[in-house]
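final.cif (mmCIF, C-alpha atoms)
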data_coords
#
loop_
_atom_site.label_atom_id
_atom_site.label_comp_id
_atom_site.auth_asym_id
_atom_site.auth_seq_id
_atom_site.Cartn_x
_atom_site.Cartn_y
_atom_site.Cartn_z
CA HIS A 27 23.70 4.18 -23.94
CA THR A 28 26.43 5.74 -21.85
CA MET A 29 27.25 9.34 -22.61
CA VAL A 30 30.81 10.46 -22.97
CA PRO A 31 31.53 12.56 -19.87
CA PRO A 32 32.01 16.22 -20.82
CA LEU A 33 35.61 17.34 -21.03
CA SER A 34 37.03 19.61 -18.37
CA GLN A 35 37.88 23.23 -19.05
CA GLU A 36 41.52 22.30 -18.89
CA HIS A 37 41.14 19.68 -21.59
CA LYS A 38 39.17 22.07 -23.75
CA SER A 39 41.84 24.74 -23.50
CA GLN A 40 44.56 22.17 -24.29
CA LEU A 41 42.62 21.04 -27.35
CA SER A 42 42.10 24.59 -28.53
CA LEU A 43 45.57 24.45 -30.11
CA LEU A 44 44.28 21.68 -32.39
CA VAL A 45 40.99 23.38 -33.22
CA LYS A 46 42.99 26.14 -34.93
CA GLN A 47 44.92 23.73 -37.15
CA ASP A 48 44.02 22.58 -40.66
CA ALA A 49 43.05 19.01 -41.41
CA ALA A 50 46.53 17.96 -42.56
CA VAL A 51 48.20 19.11 -39.32
CA LEU A 52 45.39 17.56 -37.32
CA ASN A 53 46.03 14.29 -39.14
CA ASP A 54 49.66 14.43 -38.01
CA PHE A 55 48.52 14.98 -34.46
CA CYS A 56 46.22 12.00 -34.67
CA GLY A 57 49.20 9.97 -35.82
CA LEU A 58 51.18 11.16 -32.79
CA ALA A 59 48.29 10.33 -30.47
CA ALA A 60 48.18 6.81 -31.91
CA GLN A 61 51.93 6.46 -31.32
CA PHE A 62 51.57 7.78 -27.79
CA VAL A 63 49.02 5.13 -27.03
CA LYS A 64 51.11 2.33 -28.53
CA HIS A 65 54.58 3.03 -27.20
CA GLY A 66 54.95 6.65 -26.23
CA VAL A 67 56.40 9.66 -28.00
CA HIS A 68 59.95 10.95 -27.68
CA PRO A 69 60.14 14.51 -26.27
CA LYS A 70 62.16 15.54 -29.36
CA VAL A 71 59.00 15.10 -31.40
CA PHE A 72 57.08 17.56 -29.23
CA ALA A 73 59.88 20.07 -29.67
CA SER A 74 60.04 19.82 -33.45
CA ALA A 75 56.23 20.02 -33.84
CA ALA A 76 56.19 23.04 -31.52
CA HIS A 77 58.88 24.67 -33.60
CA LYS A 78 56.85 24.20 -36.81
CA LEU A 79 53.70 25.62 -35.23
CA GLY A 80 55.38 28.44 -33.35
CA VAL A 81 54.24 27.31 -29.92
CA LEU A 82 55.87 25.80 -26.83
CA PRO A 83 56.69 22.05 -26.70
CA SER A 84 54.61 21.81 -23.53
CA GLN A 85 51.55 23.04 -25.43
CA VAL A 86 52.08 20.36 -28.05
CA GLU A 87 52.46 17.69 -25.37
CA ASP A 88 49.32 18.91 -23.55
CA ALA A 89 47.36 18.90 -26.80
CA ILE A 90 48.41 15.34 -27.60
CA ARG A 91 47.62 14.15 -24.09
CA ALA A 92 44.22 15.83 -24.24
CA LEU A 93 43.56 14.23 -27.60
CA VAL A 94 44.50 10.83 -26.19
CA PHE A 95 42.19 11.48 -23.26
CA LEU A 96 39.35 12.36 -25.64
CA LEU A 97 39.87 9.25 -27.74
CA SER A 98 40.38 6.84 -24.85
CA HIS A 99 37.48 8.07 -22.76
CA SER A 100 35.16 7.91 -25.72
CA THR A 101 36.32 4.34 -26.27
CA GLN A 102 35.73 3.56 -22.60
CA ALA A 103 32.19 4.95 -22.79
CA THR A 104 31.72 2.97 -26.01
CA ALA A 105 30.56 6.13 -27.77
CA THR A 106 29.20 5.59 -31.25
CA LYS A 107 30.67 7.39 -34.25
CA MET A 108 27.79 9.87 -34.17
CA GLU A 109 28.12 10.57 -30.45
CA PHE A 110 31.84 11.16 -30.93
CA GLN A 111 31.23 13.48 -33.88
CA ASP A 112 28.65 15.45 -31.90
CA LEU A 113 31.09 15.87 -29.05
CA ILE A 114 33.96 17.17 -31.14
CA THR A 115 31.73 19.45 -33.14
CA THR A 116 30.76 21.16 -29.88
CA LEU A 117 34.46 21.74 -29.27
CA GLY A 118 34.61 23.88 -32.38
CA PHE A 119 36.30 21.57 -34.89
CA THR A 120 35.50 22.15 -38.59
CA GLU A 121 33.75 19.48 -40.64
CA ALA A 122 37.01 18.38 -42.26
CA ALA A 123 38.64 18.17 -38.84
CA VAL A 124 35.69 16.18 -37.48
CA ASN A 125 36.19 13.62 -40.24
CA VAL A 126 39.90 13.30 -39.52
CA LEU A 127 39.30 12.83 -35.81
CA THR A 128 36.47 10.37 -36.31
CA ASP A 129 38.67 8.27 -38.58
CA ALA A 130 41.36 8.30 -35.89
CA TYR A 131 38.77 7.20 -33.35
CA THR A 132 37.53 4.25 -35.38
CA ASP A 133 40.90 3.22 -36.86
CA ASN A 134 42.60 3.00 -33.49
CA GLU A 135 39.84 1.25 -31.56
CA GLY A 136 42.01 -1.80 -30.83
CA GLU A 137 45.02 0.21 -29.66
CA LEU A 138 42.83 2.45 -27.51
CA LYS A 139 41.31 -0.58 -25.81
CA GLU A 140 44.80 -1.94 -25.07
CA TYR A 141 45.81 1.45 -23.71
CA LEU A 142 42.81 1.51 -21.38
CA LYS A 143 43.71 -1.94 -20.13
CA LYS A 144 47.18 -0.68 -19.27
CA MET A 145 45.73 2.30 -17.41
CA GLY A 146 43.43 0.10 -15.39
CA VAL A 147 44.00 -2.04 -12.33
CA GLN A 148 47.33 -3.70 -12.83
CA ILE A 149 48.84 -6.55 -10.93
CA PRO A 150 52.20 -7.99 -11.90
CA HIS A 151 51.50 -10.85 -14.28
CA TYR A 152 53.26 -14.20 -14.40
CA HIS A 153 55.62 -14.67 -17.29
CA ASN A 154 57.98 -17.51 -16.45
CA LEU A 155 59.63 -19.60 -13.74
CA GLU A 156 63.14 -21.06 -13.95
CA TRP A 157 64.50 -23.27 -11.20
CA ARG A 158 67.84 -24.66 -10.10
CA PHE A 159 68.62 -27.36 -7.56
CA ASP A 160 71.67 -26.60 -5.40
CA ILE A 161 73.35 -28.07 -2.36
CA LEU A 162 74.57 -25.45 0.09
CA VAL A 163 77.86 -26.68 1.54
CA GLY A 164 78.83 -23.74 3.69
CA SER A 165 78.54 -20.11 4.54
CA ARG A 166 80.21 -17.68 6.88
CA ALA A 167 77.78 -18.62 9.62
CA LEU A 168 77.79 -22.41 9.11
CA SER A 169 80.36 -24.75 7.65
CA HIS A 170 80.25 -28.46 6.81
CA ILE A 171 76.58 -28.54 5.86
CA ALA A 172 74.71 -30.19 3.01
CA GLU A 173 71.49 -28.33 2.63
CA PRO A 174 69.37 -28.91 -0.46
CA LEU A 175 68.08 -25.66 -1.89
CA ILE A 176 65.93 -24.74 -4.83
CA THR A 177 66.74 -21.38 -6.38
CA LEU A 178 63.91 -19.86 -8.39
CA GLN A 179 63.79 -17.04 -10.89
CA LEU A 180 60.25 -15.74 -11.26
CA SER A 181 59.67 -13.40 -14.23
CA LEU A 182 56.76 -11.03 -13.87
CA ASP A 183 55.35 -8.48 -16.32
CA THR A 184 54.93 -5.30 -14.33
CA HIS A 185 53.21 -3.41 -17.17
CA THR A 186 55.50 -0.41 -17.61
CA CYS A 187 53.02 1.99 -19.17
CA PRO A 188 53.56 3.92 -22.37
CA GLY A 189 53.89 7.66 -22.25
CA SER A 190 56.83 9.87 -23.10
CA GLN A 191 59.69 7.42 -23.43
CA THR A 192 63.28 8.43 -23.06
CA ASN A 193 64.69 5.70 -25.24
CA GLU A 194 66.80 6.91 -28.09
CA ASP A 195 64.63 5.98 -31.07
CA ASP A 196 62.74 8.94 -32.50
CA GLY A 197 59.32 7.71 -31.45
CA GLY A 198 58.63 6.10 -34.80
CA GLY A 199 60.44 2.88 -34.04
CA LYS A 200 59.41 -0.63 -33.05
CA GLN A 201 56.87 -1.61 -30.41
CA SER A 202 58.61 -1.45 -27.08
CA GLU A 203 59.28 -4.83 -25.46
CA PRO A 204 57.54 -5.46 -22.15
CA VAL A 205 59.91 -5.16 -19.23
CA TYR A 206 60.01 -8.22 -17.00
CA ASP A 207 60.87 -8.06 -13.33
CA LYS A 208 63.09 -11.06 -12.55
CA LEU A 209 62.72 -12.00 -8.90
CA LEU A 210 65.29 -14.23 -7.24
CA LEU A 211 63.72 -16.53 -4.67
CA GLN A 212 64.61 -19.75 -2.96
CA THR A 213 62.95 -22.60 -1.16
CA ASP A 214 63.71 -26.00 0.35
CA PRO A 215 62.41 -29.42 -0.70
CA ASN A 216 59.63 -29.49 1.89
CA ASN A 217 58.28 -26.10 0.96
CA LEU A 218 58.61 -26.93 -2.72
CA VAL A 219 56.41 -29.98 -2.29
CA HIS A 220 53.96 -27.93 -0.20
CA MET A 221 53.84 -25.12 -2.77
CA THR A 222 53.32 -27.58 -5.62
CA SER A 223 50.42 -29.35 -3.91
CA VAL A 224 48.72 -26.08 -2.92
CA LEU A 225 48.92 -24.77 -6.49
CA GLU A 226 47.69 -28.08 -7.88
CA GLU A 227 44.61 -27.64 -5.69
CA ALA A 228 44.23 -24.18 -7.21
CA LEU A 229 44.23 -25.69 -10.71
CA HIS A 230 41.52 -28.15 -9.70
CA GLU A 231 39.32 -25.29 -8.52
CA ALA A 232 38.91 -23.83 -12.01
CA ARG A 233 37.88 -27.21 -13.31
CA THR A 234 35.09 -27.76 -10.81
CA HIS A 235 31.38 -27.63 -11.56
CA HIS A 236 30.96 -24.53 -9.44
CA SER A 237 33.67 -22.64 -11.24
CA ARG A 238 32.39 -23.54 -14.67
CA ARG A 239 28.90 -22.42 -13.72
CA ILE A 240 30.16 -18.97 -12.69
CA HIS A 241 32.15 -18.74 -15.90
CA ARG A 242 29.07 -19.46 -18.00
CA TYR A 243 26.97 -17.07 -15.95
CA ILE A 244 29.39 -14.20 -16.46
CA LYS A 245 29.72 -14.81 -20.15
CA MET B 26 88.35 -26.46 17.57
CA ASP B 27 89.88 -23.10 16.93
CA LEU B 28 89.52 -20.89 19.97
CA SER B 29 91.27 -17.66 20.77
CA LEU B 30 93.65 -17.28 23.69
CA ASN B 31 91.20 -15.22 25.72
CA ILE B 32 88.43 -17.73 25.23
CA SER B 33 90.71 -20.64 26.02
CA SER B 34 92.00 -19.16 29.25
CA ALA B 35 88.51 -18.20 30.42
CA LEU B 36 87.35 -21.73 29.68
CA ARG B 37 90.34 -23.17 31.49
CA LEU B 38 89.34 -21.16 34.50
CA LEU B 39 85.73 -22.22 34.27
CA GLY B 40 86.57 -25.90 34.13
CA ASP B 41 89.04 -25.80 36.99
CA SER B 42 87.15 -27.05 40.04
CA SER B 43 89.75 -25.59 42.36
CA LYS B 44 89.26 -22.10 41.01
CA THR B 45 85.57 -22.12 40.05
CA GLN B 46 83.07 -23.47 42.54
CA CYS B 47 80.60 -26.01 41.37
CA ALA B 48 77.69 -23.64 42.05
CA THR B 49 79.20 -20.87 39.96
CA TYR B 50 80.08 -23.24 37.16
CA GLN B 51 76.50 -24.56 37.13
CA GLU B 52 75.14 -21.04 37.07
CA VAL B 53 77.23 -20.11 34.06
CA LEU B 54 76.33 -23.29 32.19
CA GLN B 55 72.63 -22.77 32.90
CA LYS B 56 72.75 -19.15 31.79
CA VAL B 57 74.52 -19.94 28.54
CA THR B 58 72.09 -22.71 27.67
CA GLU B 59 69.12 -20.52 28.53
CA ASP B 60 70.42 -17.52 26.58
CA LEU B 61 71.11 -19.57 23.48
CA LYS B 62 67.75 -21.28 23.65
CA ASN B 63 65.88 -17.99 23.98
CA ASP B 64 66.33 -15.01 21.76
CA CYS B 65 69.98 -14.15 22.17
CA LYS B 66 69.23 -10.46 21.87
CA ALA B 67 67.36 -10.59 25.16
CA ALA B 68 70.35 -12.03 27.02
CA ASP B 69 71.46 -9.86 29.86
CA THR B 70 74.29 -10.52 32.23
CA THR B 71 72.94 -8.66 35.25
CA ALA B 72 72.35 -11.91 37.11
CA LEU B 73 76.00 -12.80 36.74
CA GLU B 74 77.10 -9.37 37.85
CA ASN B 75 76.19 -10.41 41.39
CA HIS B 76 79.68 -11.78 41.66
CA VAL B 77 81.00 -8.35 42.57
CA ASN B 78 84.44 -9.24 43.77
CA ASP B 79 85.78 -10.89 40.68
CA ASP B 80 86.37 -8.07 38.19
CA GLY B 81 83.96 -9.48 35.63
CA VAL B 82 85.65 -12.86 35.40
CA VAL B 83 82.37 -14.72 35.63
CA ILE B 84 80.99 -12.69 32.76
CA GLN B 85 84.06 -13.54 30.72
CA CYS B 86 83.51 -17.21 31.48
CA HIS B 87 79.93 -16.87 30.35
CA SER B 88 80.88 -15.35 27.02
CA ALA B 89 83.68 -17.90 26.55
CA LEU B 90 81.32 -20.80 27.11
CA ALA B 91 78.71 -19.24 24.81
CA THR B 92 81.40 -18.85 22.16
CA LEU B 93 82.32 -22.49 22.59
CA PHE B 94 78.73 -23.54 22.05
CA ILE B 95 78.32 -21.43 18.92
CA GLU B 96 81.69 -22.36 17.43
CA TYR B 97 80.92 -26.02 17.97
CA VAL B 98 77.71 -25.79 15.95
CA ARG B 99 79.14 -23.39 13.40
CA GLY B 100 82.00 -25.69 12.58
CA GLY B 101 79.77 -28.72 12.40
CA HIS B 102 81.97 -30.58 14.92
CA ASN B 103 81.15 -33.81 16.67
CA THR B 104 81.29 -34.55 20.40
CA SER B 105 84.70 -36.25 20.32
CA VAL B 106 86.28 -33.02 19.04
CA LEU B 107 84.55 -31.08 21.79
CA THR B 108 85.62 -33.58 24.44
CA SER B 109 89.26 -33.49 23.41
CA SER B 110 89.26 -29.68 23.24
CA LEU B 111 87.97 -29.48 26.80
CA GLU B 112 90.40 -32.18 27.96
CA ASP B 113 93.20 -30.02 26.55
CA LEU B 114 91.93 -27.25 28.80
CA ASN B 115 92.11 -29.58 31.81
CA TRP B 116 88.42 -30.00 32.32
CA PRO B 117 87.29 -32.79 34.63
CA ALA B 118 85.25 -35.55 33.03
CA ASP B 119 82.03 -34.72 34.85
CA ARG B 120 81.99 -31.10 33.69
CA ILE B 121 82.82 -32.19 30.15
CA ALA B 122 79.92 -34.62 30.15
CA GLU B 123 77.53 -31.93 31.34
CA VAL B 124 78.61 -29.47 28.67
CA VAL B 125 78.35 -32.09 25.94
CA ARG B 126 74.83 -32.93 27.08
CA GLU B 127 73.73 -29.29 27.13
CA ILE B 128 75.34 -28.47 23.79
CA GLU B 129 73.66 -31.38 22.06
CA SER B 130 70.30 -30.41 23.53
CA CYS B 131 70.37 -26.97 21.96
CA ARG B 132 72.44 -27.79 18.89
CA HIS B 133 69.49 -27.83 16.54
CA LEU B 134 68.29 -24.45 17.75
CA ILE B 135 71.68 -22.83 17.43
CA HIS B 136 72.01 -24.32 13.97
CA SER B 137 68.76 -22.80 12.74
CA ARG B 138 69.64 -19.42 14.29
CA LEU B 139 72.96 -19.46 12.47
CA ALA B 140 71.27 -20.52 9.25
CA SER B 141 69.01 -17.49 9.39
CA LEU B 142 72.00 -15.14 9.52
CA GLY B 143 73.64 -13.81 6.43
CA THR B 144 72.10 -12.86 3.11
CA TYR B 145 69.99 -15.11 0.97
CA PRO B 146 67.14 -14.59 -1.46
CA PRO B 147 63.66 -14.51 0.04
CA HIS B 148 62.85 -18.05 1.12
CA ILE B 149 59.36 -19.20 0.18
CA VAL B 150 57.54 -20.71 3.13
CA ASP B 151 53.91 -20.61 2.04
CA VAL B 152 51.53 -19.95 -0.85
CA ASP B 153 48.06 -18.40 -1.01
CA TRP B 154 45.85 -18.30 -4.03
CA LYS B 155 42.52 -16.88 -5.20
CA LEU B 156 40.51 -17.57 -8.32
CA ASN B 157 38.58 -14.62 -9.72
CA TYR B 158 36.34 -14.20 -12.69
CA GLN B 159 36.66 -10.66 -14.02
CA VAL B 160 33.27 -9.21 -14.78
CA ARG B 161 33.95 -5.61 -15.69
CA SER B 162 36.48 -2.88 -15.10
CA SER B 163 36.56 0.89 -15.08
CA ALA B 164 38.61 0.66 -18.25
CA GLY B 165 35.48 -0.65 -19.94
CA GLN B 166 36.67 -4.23 -20.14
CA GLU B 167 34.25 -7.04 -19.85
CA GLY B 168 34.48 -10.77 -19.31
CA GLY B 169 38.21 -11.02 -18.68
CA GLY B 170 37.81 -14.65 -17.83
CA ALA B 171 39.43 -16.65 -15.05
CA MET B 172 42.34 -15.00 -13.31
CA TYR B 173 44.34 -16.44 -10.47
CA LEU B 174 45.93 -14.26 -7.84
CA VAL B 175 48.89 -16.01 -6.22
CA THR B 176 50.80 -14.77 -3.17
CA LEU B 177 54.11 -16.30 -2.14
CA HIS B 178 55.01 -15.74 1.52
CA THR B 179 58.72 -15.41 2.08
CA GLU B 180 61.15 -15.22 4.97
CA GLU B 181 64.36 -13.27 4.82
CA SER B 182 67.34 -12.97 7.14
CA GLN B 183 66.70 -11.60 10.62
CA GLY B 184 63.21 -13.04 10.50
CA LYS B 185 61.79 -10.46 8.09
CA ARG B 186 58.74 -11.58 6.19
CA GLY B 187 57.80 -10.62 2.67
CA LYS B 188 55.18 -11.27 0.00
CA VAL B 189 55.25 -11.63 -3.74
CA THR B 190 51.89 -11.30 -5.48
CA PHE B 191 51.12 -11.90 -9.11
CA SER B 192 48.21 -12.78 -11.37
CA CYS B 193 48.10 -15.54 -13.96
CA SER B 194 45.68 -17.32 -16.23
CA LEU B 195 44.75 -20.98 -15.94
CA ALA B 196 47.24 -21.87 -18.68
CA GLU B 197 50.01 -19.90 -16.99
CA LEU B 198 49.34 -21.52 -13.64
CA SER B 199 49.60 -24.89 -15.37
CA HIS B 200 52.97 -23.83 -16.72
CA LEU B 201 54.11 -22.81 -13.26
CA VAL B 202 52.92 -26.05 -11.67
CA THR B 203 54.62 -28.09 -14.39
CA ARG B 204 57.90 -26.35 -13.64
CA LEU B 205 57.51 -26.99 -9.92
CA ARG B 206 56.71 -30.65 -10.57
CA GLN B 207 59.88 -30.95 -12.67
CA ALA B 208 61.95 -29.55 -9.81
CA THR B 209 60.24 -31.87 -7.31
CA ARG B 210 60.88 -34.94 -9.47
CA CYS B 211 64.53 -33.97 -9.83
CA ILE B 212 64.98 -33.73 -6.07
CA GLN B 213 63.13 -36.96 -5.38
CA LYS B 214 65.29 -38.79 -7.93
CA TYR B 215 68.39 -37.41 -6.28
CA ALA B 216 67.19 -38.26 -2.78
CA ASN B 217 66.33 -41.80 -3.82
CA SER B 218 69.58 -42.48 -5.61
CA SER B 219 71.95 -41.08 -2.96
#

Before anything else, please render the file you have as structure tokens.
Amino acid sequence: HTMVPPLSQEHKSQLSLLVKQDAAVLNDFCGLAAQFVKHGVHPKVFASAAHKLGVLPSQVEDAIRALVFLLSHSTQATATKMEFQDLITTLGFTEAAVNVLTDAYTDNEGELKEYLKKMGVQIPHYHNLEWRFDILVGSRALSHIAEPLITLQLSLDTHTCPGSQTNEDDGGGKQSEPVYDKLLLQTDPNNLVHMTSVLEEALHEARTHHSRRIHRYIK
Amino acid sequence: MDLSLNISSALRLLGDSSKTQCATYQEVLQKVTEDLKNDCKAADTTALENHVNDDGVVIQCHSALATLFIEYVRGGHNTSVLTSSLEDLNWPADRIAEVVREIESCRHLIHSRLASLGTYPPHIVDVDWKLNYQVRSSAGQEGGGAMYLVTLHTEESQGKRGKVTFSCSLAELSHLVTRLRQATRCIQKYANSS
């Protein structure tokens, strides 16, 4: 079974702020870490937490980021509950704190997995295609023409990642909507037909024997 | 055709067999045709500058004739308009016929050069695709299933080329192809009915 890689000195020192706290405060921090992973945390939150604890906002932010790192990397290494508990005990957390953190680890498994996906290799992902058929009748460079044109709007999800958001809700609001890049493109009838036939070939490929065999093999 | 005074007078001069020798006229016509057929940016007038004693008149005739060619295509005119414009400038029939022949021979090329000027959205000229099965990732993900990687090759003004790459699932690619088929059917219907 894969071991969780040991945390760096930097992470350990950032987490030291949390080690000092009681279980209730630690619970709040776990809540913030969960929010961070889902849709980010507004900087105001760091400031108010820092104020309550008598530390700098940057220390609060570092602690939360280190906590997120701890949780996400343990998820990535598929650490068991026991392995996770062993790790945090070595960091100096009390038994009560260990329980709080372990609950956070298991409760947020789904969100942590989503977060890891977002941090991984990302390629803009297809969302939608709208088209429009136009006839170009003239331009500055050419008049008296009748050129058929297809205007395309391709929407792609470019995975804007969560983190400290600067939107105006106080960090406890709704799940942020994915931001779609809307690309304006055009083509002509010949290229449209060409594009369609090439992509139809692509569809056939997934339905071939060969493709299905690979799919089964990987599963 | 709408030509400026400078252009008109230079053309008048060029067409006048008493003022412009046949050889010179031929040289100018050849040069214009050649320049417009090749990349216009590479056009240089040093060959014409051999006519040292004429204060750059030959060069003016060259640019006037080139302007005529381009304006003709830009305005989408037909040969009768061209013929009557040149007749108005007192061109002899034989020179008119030669110009008409040369203009028509490079009309298509000039048209596509003009079409590539100006601003327009990236124009898709080709598509590449790849089908991957995701096995595992550093993020700890396994068995992501089939994922297509599609690249659209585009052309922009001034001959710039671009690429748009995106991933999609089998279902999403089906969606995309359905949309493209809809657009294709629409155009075919229109082409058949008109």

Distance limit 6 Å, atoms considered: all atoms listed in the file. Which chain A residues sit that close to chain B? Return them as a list in words.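 Result, ordered by chain then number: Gln102, Leu142, Gly146, Pro150, His151, Tyr152, Ala167, Leu168, Ser169, His170, Leu211, Gln212, Thr213, Asn217 and Met221 of chain A.
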
Determine the residue set returned by the PyMOL selection byres ((chain A and resi 172-186) around 9) for the present structure, and present it as number ranges by chain.
A: 144, 148-164, 170-171, 187-188, 204-215, 218; B: 146, 191, 208, 212

| request: Using the chain letters and numbering of this document, enumerate as a list in words the residues selected by the PyMOL selection byres ((chain A and resi 46-52) around 10). | output: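 For this structure, the PyMOL selection byres ((chain A and resi 46-52) around 10) resolves to Leu41, Ser42, Leu43, Leu44, Val45, Asn53, Asp54, Phe55, Cys56, Gly57, Leu58, Ala75, Leu79, Gly118, Phe119, Thr120, Glu121, Ala122, Ala123, Val124, Asn125, Val126 and Leu127 of chain A.
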
Task: Explicit residues for the PyMOL selection byres ((chain B and resi 87-90) around 9) (as a ChimeraX atom specification) - done: /B:31-36,39,53-54,56-57,70,73,82-86,91-95

Now that the selection is made, can you save its residues with C-alpha atoms as a PDB file, in the coordinates of the input?
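Full text of again27.pdb as output:
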ATOM      1  CA  ASN B  31      91.200 -15.220  25.720  1.00  0.00           C
ATOM      2  CA  ILE B  32      88.430 -17.730  25.230  1.00  0.00           C
ATOM      3  CA  SER B  33      90.710 -20.640  26.020  1.00  0.00           C
ATOM      4  CA  SER B  34      92.000 -19.160  29.250  1.00  0.00           C
ATOM      5  CA  ALA B  35      88.510 -18.200  30.420  1.00  0.00           C
ATOM      6  CA  LEU B  36      87.350 -21.730  29.680  1.00  0.00           C
ATOM      7  CA  LEU B  39      85.730 -22.220  34.270  1.00  0.00           C
ATOM      8  CA  VAL B  53      77.230 -20.110  34.060  1.00  0.00           C
ATOM      9  CA  LEU B  54      76.330 -23.290  32.190  1.00  0.00           C
ATOM     10  CA  LYS B  56      72.750 -19.150  31.790  1.00  0.00           C
ATOM     11  CA  VAL B  57      74.520 -19.940  28.540  1.00  0.00           C
ATOM     12  CA  THR B  70      74.290 -10.520  32.230  1.00  0.00           C
ATOM     13  CA  LEU B  73      76.000 -12.800  36.740  1.00  0.00           C
ATOM     14  CA  VAL B  82      85.650 -12.860  35.400  1.00  0.00           C
ATOM     15  CA  VAL B  83      82.370 -14.720  35.630  1.00  0.00           C
ATOM     16  CA  ILE B  84      80.990 -12.690  32.760  1.00  0.00           C
ATOM     17  CA  GLN B  85      84.060 -13.540  30.720  1.00  0.00           C
ATOM     18  CA  CYS B  86      83.510 -17.210  31.480  1.00  0.00           C
ATOM     19  CA  ALA B  91      78.710 -19.240  24.810  1.00  0.00           C
ATOM     20  CA  THR B  92      81.400 -18.850  22.160  1.00  0.00           C
ATOM     21  CA  LEU B  93      82.320 -22.490  22.590  1.00  0.00           C
ATOM     22  CA  PHE B  94      78.730 -23.540  22.050  1.00  0.00           C
ATOM     23  CA  ILE B  95      78.320 -21.430  18.920  1.00  0.00           C
TER      24      ILE B  95
END

Range 114-123 of chain B environment, 8 Å, only C-alpha atoms, sequence neighbours closer than 4 positions dropped, as number ranges by chain = B: 33, 36-37, 40-42, 108, 110, 127

Q.
Quick check, in Å to one decimal: how far apart do CA of Lys143 in chain A and CA of Leu33 in chain A lie?
A.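 Answer for the CA of Lys143 in chain A to CA of Leu33 in chain A separation: 20.9 Å.
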
Length of the CA of Gly80 in chain A to CA of Asn134 in chain A vector [Å]: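 Taking CA of Gly80 in chain A and CA of Asn134 in chain A, their separation equals 28.5 Å.
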
Completed range 156-160 of chain A (all heavy atoms) as an mmCIF file, in the frame of the given file:
data_model
loop_
_atom_site.group_PDB
_atom_site.id
_atom_site.type_symbol
_atom_site.label_atom_id
_atom_site.label_comp_id
_atom_site.auth_asym_id
_atom_site.auth_seq_id
_atom_site.Cartn_x
_atom_site.Cartn_y
_atom_site.Cartn_z
ATOM 1 N N GLU A 156 61.991 -20.168 -13.737
ATOM 2 C CA GLU A 156 63.140 -21.060 -13.950
ATOM 3 C C GLU A 156 63.577 -21.526 -12.582
ATOM 4 O O GLU A 156 63.507 -20.783 -11.618
ATOM 5 C CB GLU A 156 64.288 -20.294 -14.630
ATOM 6 C CG GLU A 156 63.961 -19.749 -16.009
ATOM 7 C CD GLU A 156 63.817 -20.822 -17.086
ATOM 8 O OE1 GLU A 156 64.230 -21.975 -16.852
ATOM 9 O OE2 GLU A 156 63.266 -20.489 -18.143
ATOM 10 N N TRP A 157 64.054 -22.771 -12.515
ATOM 11 C CA TRP A 157 64.500 -23.270 -11.200
ATOM 12 C C TRP A 157 65.876 -23.896 -11.321
ATOM 13 O O TRP A 157 66.328 -24.259 -12.405
ATOM 14 C CB TRP A 157 63.513 -24.294 -10.651
ATOM 15 C CG TRP A 157 63.282 -25.484 -11.534
ATOM 16 C CD1 TRP A 157 62.307 -25.616 -12.476
ATOM 17 C CD2 TRP A 157 64.038 -26.707 -11.564
ATOM 18 N NE1 TRP A 157 62.397 -26.842 -13.078
ATOM 19 C CE2 TRP A 157 63.444 -27.538 -12.556
ATOM 20 C CE3 TRP A 157 65.134 -27.178 -10.862
ATOM 21 C CZ2 TRP A 157 63.921 -28.810 -12.844
ATOM 22 C CZ3 TRP A 157 65.621 -28.450 -11.153
ATOM 23 C CH2 TRP A 157 65.010 -29.254 -12.133
ATOM 24 N N ARG A 158 66.523 -24.049 -10.160
ATOM 25 C CA ARG A 158 67.840 -24.660 -10.100
ATOM 26 C C ARG A 158 67.958 -25.366 -8.770
ATOM 27 O O ARG A 158 67.584 -24.808 -7.736
ATOM 28 C CB ARG A 158 68.906 -23.581 -10.224
ATOM 29 C CG ARG A 158 70.285 -24.085 -10.548
ATOM 30 C CD ARG A 158 71.260 -22.948 -10.617
ATOM 31 N NE ARG A 158 71.481 -22.381 -9.315
ATOM 32 C CZ ARG A 158 71.977 -21.166 -9.114
ATOM 33 N NH1 ARG A 158 72.246 -20.380 -10.125
ATOM 34 N NH2 ARG A 158 72.144 -20.701 -7.886
ATOM 35 N N PHE A 159 68.472 -26.581 -8.787
ATOM 36 C CA PHE A 159 68.620 -27.360 -7.560
ATOM 37 C C PHE A 159 70.080 -27.272 -7.121
ATOM 38 O O PHE A 159 70.977 -27.642 -7.870
ATOM 39 C CB PHE A 159 68.205 -28.803 -7.867
ATOM 40 C CG PHE A 159 68.405 -29.765 -6.739
ATOM 41 C CD1 PHE A 159 68.208 -29.383 -5.416
ATOM 42 C CD2 PHE A 159 68.770 -31.078 -6.993
ATOM 43 C CE1 PHE A 159 68.380 -30.278 -4.379
ATOM 44 C CE2 PHE A 159 68.939 -31.980 -5.957
ATOM 45 C CZ PHE A 159 68.748 -31.590 -4.653
ATOM 46 N N ASP A 160 70.309 -26.761 -5.917
ATOM 47 C CA ASP A 160 71.670 -26.600 -5.400
ATOM 48 C C ASP A 160 71.818 -27.330 -4.087
ATOM 49 O O ASP A 160 70.834 -27.594 -3.403
ATOM 50 C CB ASP A 160 71.954 -25.114 -5.089
ATOM 51 C CG ASP A 160 71.875 -24.231 -6.308
ATOM 52 O OD1 ASP A 160 72.234 -24.677 -7.391
ATOM 53 O OD2 ASP A 160 71.440 -23.074 -6.135
#
